[in-house]
Amino acid sequence: MIVNAVTHQILCTATGAGVMHDLALLRSSKVRIHPETLLRADRGYQGITKTHKNTVLPHKKLPGRKLSDAQREENRERARARLLIEHVIRRLKVFRILKEVYRHRRKRFGLRLNLLAGLYNFDLLCTP
């Protein structure tokens, strides 16, 4: 899910068949992101810096070592900035399509998710 940080609108959604790694889903969806766009991602997107240089990822703890205090503070700041997407996912979970087992036709899951994203965007426009 790609969310605009200023307007909080959902710009793009992508779905995959079954369990799929976040980065594999992004690559298979063929979503094109402008190189100058700042991408804030979680640790599920380790390796995206090879294709998109303008990406901010949390620092990863190396085996046998601890993160420095500065790296821990940076991770906290990055998590605060990413909190927006978590709030958007929470608002979509109200519809139970992301929270529970999907029991309808698998082909229509993406369509229904896009419709819910449209409802969410419409609600953003209607509320002051």
# chains A, B, ... in the order shown; residues from 1 in each chain; ligands from 1
>>> select_by_dssp(residues="chain A", states="helix (DSSP H, G or I)", output="VMD selection string")
chain A and resid 22 to 29 43 to 45 48 to 50 69 to 93 106 to 126
>>> residues_around(residues="Leu92 in chain A", least_positions_apart="4", cutoff="8 Å", atoms="only C-alpha atoms", output="PyMOL selection string")
chain A and resi 88+96-98+116-117+120
>>> write_last_selection(atoms="C-alpha atoms", output="compact mmCIF listing (two decimals), in the first residue's frame")
# COMPACT_ATOMS: atom_id res chain seq x y z
CA VAL A 88 -4.44 3.77 7.42
CA ARG A 96 -12.58 -6.96 8.28
CA ILE A 97 -11.20 -7.72 4.80
CA LEU A 98 -7.61 -7.48 6.04
CA LEU A 116 -12.40 0.06 0.33
CA ALA A 117 -9.40 2.27 -0.39
CA TYR A 120 -11.38 5.61 2.75
>>> residues_around(residues="range 55-59 of chain A", least_positions_apart="4", cutoff="10 Å", atoms="only C-alpha atoms", output="ChimeraX atom specification")
/A:35-51,67-68,71-72,74-79
>>> atom_distance(atom1="CA of His104 in chain A", atom2="CA of Ile10 in chain A")
23.5 Å
>>> closest_residue(among="A:Lys61, A:Gln9, A:Leu84, A:Arg27", to="Leu119 in chain A", atoms="only C-alpha atoms")
A:Gln9
>>> residues_around(residues="range 106-110 of chain A", least_positions_apart="4", cutoff="12 Å", atoms="only C-alpha atoms", output="list in words")
Met1, Cys12, Thr13, Ala14, Thr15, Gly16, Ala17, Gly18, Ser29, Ile97, Leu98, Val101, Tyr102, Asn114, Leu115, Leu116 and Ala117 of chain A
>>> write_last_selection(atoms="N, CA and C atoms", output="compact mmCIF listing (two decimals), in the first residue's frame")
# COMPACT_ATOMS: atom_id res chain seq x y z
N MET A 1 0.84 -1.15 0.00
CA MET A 1 0.00 0.00 0.00
C MET A 1 0.90 1.23 0.00
N CYS A 12 -2.03 3.61 -4.00
CA CYS A 12 -1.90 2.35 -4.72
C CYS A 12 -2.00 1.19 -3.74
N THR A 13 -2.66 0.11 -4.18
CA THR A 13 -2.68 -1.12 -3.40
C THR A 13 -2.24 -2.26 -4.31
N ALA A 14 -1.68 -3.27 -3.72
CA ALA A 14 -1.27 -4.46 -4.49
C ALA A 14 -1.55 -5.69 -3.64
N THR A 15 -2.00 -6.75 -4.30
CA THR A 15 -2.29 -8.00 -3.61
C THR A 15 -1.57 -9.13 -4.32
N GLY A 16 -1.36 -10.20 -3.60
CA GLY A 16 -0.73 -11.38 -4.17
C GLY A 16 -1.50 -12.62 -3.78
N ALA A 17 -1.26 -13.69 -4.48
CA ALA A 17 -1.93 -14.95 -4.19
C ALA A 17 -1.20 -15.64 -3.04
N GLY A 18 -1.86 -15.74 -1.90
CA GLY A 18 -1.26 -16.43 -0.77
C GLY A 18 -0.24 -15.58 -0.04
N SER A 29 4.24 -6.45 -8.58
CA SER A 29 3.13 -5.56 -8.91
C SER A 29 3.48 -4.57 -10.01
N ILE A 97 -11.75 -7.02 5.97
CA ILE A 97 -11.20 -7.72 4.80
C ILE A 97 -9.73 -8.05 5.01
N LEU A 98 -9.03 -7.23 5.77
CA LEU A 98 -7.61 -7.48 6.04
C LEU A 98 -7.38 -8.23 7.34
N VAL A 101 -10.18 -14.10 7.85
CA VAL A 101 -10.02 -14.97 6.68
C VAL A 101 -10.99 -14.51 5.60
N TYR A 102 -10.48 -14.31 4.41
CA TYR A 102 -11.31 -13.86 3.28
C TYR A 102 -12.02 -15.08 2.71
N ASN A 114 -9.48 -2.33 -3.39
CA ASN A 114 -9.44 -1.03 -4.05
C ASN A 114 -10.71 -0.23 -3.77
N LEU A 115 -11.86 -0.91 -3.72
CA LEU A 115 -13.10 -0.21 -3.39
C LEU A 115 -13.06 0.34 -1.97
N LEU A 116 -12.52 -0.43 -1.03
CA LEU A 116 -12.40 0.06 0.33
C LEU A 116 -11.42 1.22 0.43
N ALA A 117 -10.35 1.16 -0.35
CA ALA A 117 -9.40 2.27 -0.39
C ALA A 117 -10.09 3.52 -0.95
